[in-house]
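Written below as structure tokens is the structure these notes are about.
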Amino acid sequence: MNPMDYNKARELMVEQQVRPWDVLDPRVLDVMATLPREAFLPQEHRNLAYADLALPVGHGEFAIKPVVQGRALQALALDPSDEVLVIGDGSGYLTACAGRLAREVVALERHADLAKATVASLSEQGVDNAQVIVADALTWTTDRRFSAILVAGAVDTIPQRFIDWLQPDGRLFAVRGRSPAMEAVLVRNDVNAPRIQSLFETDLPYLAGAAPAPTFKF
């Protein structure tokens, strides 16, 4: 596929997939219409970059569907002053999108080779406000607090540590529950207690270590 084909495919993705799925924020649509998603995927999957599919990026990790990526970015309503944490974005595409929308991004990636590829792709696309840390979000520790957190893989339940990383009134996007009927939610870190808003149903691969415990039947 030549560059002109990718440009047309990107336009069709936005107009035929993302926008009809109620992604109407013009800043999100503009980022998704201009940032080359194929640049963040392994060479063997680039011809599917704009398909309505979750695509493997290695180590059992996936780049989630464009429609879910668009809804996640819209739900967080990222502001140019925001500091964002991205968890589980194996491809780096969501990290780049957040970098275009917010002031600063920190991305956690468990695998050094995927982190290295993300750093290279971010540099290639001129995204210079994103830092990639090789770490497991389920064991990582930090004193930082973020305006917004985007969890790019499913969790059985949202770990309390993720909510603890939010600033007061910060917001978190996550997909929780059990396949195939998972729920995308927006969590707001209100003063008294986190407030959870249900957004839509979907089905995502789990973050490593965040799947439900297996149940045994006798």
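To be explicit about the labels: the chains of the structure tokens are called A, B, and onward in the order shown, and within each one the residues are counted from 1, while ligands get numbers from 1 in the order they are shown.
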query = Could you pull the residues within 9 Å of Leu108 in chain A, counting only C-alpha atoms, minus those fewer than 5 positions along the same chain, as a ChimeraX atom specification?
reply = /A:85-90,115,131-137,140
ask   = Near Arg188 in chain A, within 12 Å and counting only C-alpha atoms, which residues show up once chain neighbours fewer than 4 positions away are dropped, as a list in words?
value =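 What passes the distance filter is Ala75, Leu76, Phe146, Ser147, Ala148, Ile149, Phe162, Ile163, Asp164, Trp165, Leu166, Gln167, Pro168, Asp169, Gly170, Arg171, Leu172, Phe173, Ala174, Asn192, Ala193, Pro194, Arg195, Ile196, Gln197 and Ser198 of chain A.
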remark   = Counting only C-alpha atoms, closest pick from A:Leu138, A:Ala39, A:Ala72, A:Met13 relative to Leu53 in chain A is A:Met13
Contacts of Gln16 in chain A within 12 Å, only C-alpha atoms, excl. fewer than 6 positions in-chain, as an MDAnalysis selection string = chainID A and resid 8:10 22:23 33 50:52 66:67
task = Pick out each residue of range 77-143 of chain A that DSSP on the backbone tags as alpha helix (DSSP H); I need them as a VMD selection string.
result = chain A and resid 93 to 101 112 to 124
With N, CA and C atoms retained, export the selected residues as a PDB file, in the first residue's frame.
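Written output follows (out-v4.pdb):
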ATOM      1  N   TYR A  93       0.442   4.232  19.565  1.00  0.00           N
ATOM      2  CA  TYR A  93      -0.447   5.142  18.834  1.00  0.00           C
ATOM      3  C   TYR A  93      -1.260   6.031  19.769  1.00  0.00           C
ATOM      4  N   LEU A  94      -1.844   5.452  20.804  1.00  0.00           N
ATOM      5  CA  LEU A  94      -2.627   6.256  21.741  1.00  0.00           C
ATOM      6  C   LEU A  94      -1.739   7.237  22.500  1.00  0.00           C
ATOM      7  N   THR A  95      -0.519   6.821  22.790  1.00  0.00           N
ATOM      8  CA  THR A  95       0.429   7.730  23.435  1.00  0.00           C
ATOM      9  C   THR A  95       0.689   8.937  22.544  1.00  0.00           C
ATOM     10  N   ALA A  96       0.860   8.693  21.251  1.00  0.00           N
ATOM     11  CA  ALA A  96       1.082   9.783  20.305  1.00  0.00           C
ATOM     12  C   ALA A  96      -0.143  10.683  20.199  1.00  0.00           C
ATOM     13  N   CYS A  97      -1.332  10.089  20.119  1.00  0.00           N
ATOM     14  CA  CYS A  97      -2.562  10.889  20.068  1.00  0.00           C
ATOM     15  C   CYS A  97      -2.674  11.779  21.303  1.00  0.00           C
ATOM     16  N   ALA A  98      -2.440  11.170  22.475  1.00  0.00           N
ATOM     17  CA  ALA A  98      -2.507  11.953  23.717  1.00  0.00           C
ATOM     18  C   ALA A  98      -1.466  13.059  23.714  1.00  0.00           C
ATOM     19  N   GLY A  99      -0.280  12.765  23.155  1.00  0.00           N
ATOM     20  CA  GLY A  99       0.757  13.779  23.079  1.00  0.00           C
ATOM     21  C   GLY A  99       0.349  14.968  22.233  1.00  0.00           C
ATOM     22  N   ARG A 100      -0.438  14.727  21.190  1.00  0.00           N
ATOM     23  CA  ARG A 100      -0.921  15.815  20.341  1.00  0.00           C
ATOM     24  C   ARG A 100      -2.014  16.633  21.033  1.00  0.00           C
ATOM     25  N   LEU A 101      -2.682  16.027  22.012  1.00  0.00           N
ATOM     26  CA  LEU A 101      -3.828  16.677  22.653  1.00  0.00           C
ATOM     27  C   LEU A 101      -3.507  17.289  24.007  1.00  0.00           C
ATOM     28  N   ALA A 112      10.656  -4.174  26.810  1.00  0.00           N
ATOM     29  CA  ALA A 112      11.653  -3.191  26.380  1.00  0.00           C
ATOM     30  C   ALA A 112      11.660  -2.991  24.872  1.00  0.00           C
ATOM     31  N   ASP A 113      11.460  -4.065  24.103  1.00  0.00           N
ATOM     32  CA  ASP A 113      11.496  -3.913  22.652  1.00  0.00           C
ATOM     33  C   ASP A 113      10.304  -3.113  22.130  1.00  0.00           C
ATOM     34  N   LEU A 114       9.125  -3.311  22.732  1.00  0.00           N
ATOM     35  CA  LEU A 114       7.968  -2.515  22.332  1.00  0.00           C
ATOM     36  C   LEU A 114       8.144  -1.057  22.744  1.00  0.00           C
ATOM     37  N   ALA A 115       8.723  -0.840  23.927  1.00  0.00           N
ATOM     38  CA  ALA A 115       8.994   0.527  24.375  1.00  0.00           C
ATOM     39  C   ALA A 115       9.955   1.225  23.424  1.00  0.00           C
ATOM     40  N   LYS A 116      10.990   0.499  22.997  1.00  0.00           N
ATOM     41  CA  LYS A 116      11.972   1.066  22.068  1.00  0.00           C
ATOM     42  C   LYS A 116      11.317   1.427  20.738  1.00  0.00           C
ATOM     43  N   ALA A 117      10.449   0.550  20.245  1.00  0.00           N
ATOM     44  CA  ALA A 117       9.748   0.819  18.986  1.00  0.00           C
ATOM     45  C   ALA A 117       8.829   2.028  19.127  1.00  0.00           C
ATOM     46  N   THR A 118       8.167   2.144  20.277  1.00  0.00           N
ATOM     47  CA  THR A 118       7.291   3.296  20.507  1.00  0.00           C
ATOM     48  C   THR A 118       8.086   4.590  20.529  1.00  0.00           C
ATOM     49  N   VAL A 119       9.216   4.594  21.212  1.00  0.00           N
ATOM     50  CA  VAL A 119      10.064   5.791  21.260  1.00  0.00           C
ATOM     51  C   VAL A 119      10.479   6.201  19.852  1.00  0.00           C
ATOM     52  N   ALA A 120      10.856   5.226  19.025  1.00  0.00           N
ATOM     53  CA  ALA A 120      11.264   5.526  17.656  1.00  0.00           C
ATOM     54  C   ALA A 120      10.102   6.100  16.848  1.00  0.00           C
ATOM     55  N   SER A 121       8.909   5.520  16.991  1.00  0.00           N
ATOM     56  CA  SER A 121       7.744   6.006  16.247  1.00  0.00           C
ATOM     57  C   SER A 121       7.338   7.404  16.701  1.00  0.00           C
ATOM     58  N   LEU A 122       7.389   7.644  17.998  1.00  0.00           N
ATOM     59  CA  LEU A 122       7.059   8.976  18.511  1.00  0.00           C
ATOM     60  C   LEU A 122       8.015  10.022  17.949  1.00  0.00           C
ATOM     61  N   SER A 123       9.301   9.688  17.931  1.00  0.00           N
ATOM     62  CA  SER A 123      10.300  10.606  17.399  1.00  0.00           C
ATOM     63  C   SER A 123      10.067  10.865  15.913  1.00  0.00           C
ATOM     64  N   GLU A 124       9.748   9.807  15.190  1.00  0.00           N
ATOM     65  CA  GLU A 124       9.504   9.920  13.746  1.00  0.00           C
ATOM     66  C   GLU A 124       8.331  10.834  13.443  1.00  0.00           C
TER      67      GLU A 124
END
task = Run DSSP on the backbone and grab whatever in range 46-203 of chain A lands in strand (DSSP E); send it over as a VMD selection string.
result = chain A and resid 55 to 58 61 to 63 83 to 87 104 to 109 130 to 134 146 to 155 166 to 178 181 to 189 194 to 202
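Closest to Asn129 in chain A among A:Glu109, A:Asp30, A:Glu38, A:Glu83 is A:Glu83, based on only C-alpha atoms.
The smallest atom-to-atom distance between Thr34 in chain A and any of A:Ala152, A:Ala49, A:Val14, A:Leu186, using only C-alpha atoms, is found for A:Val14.
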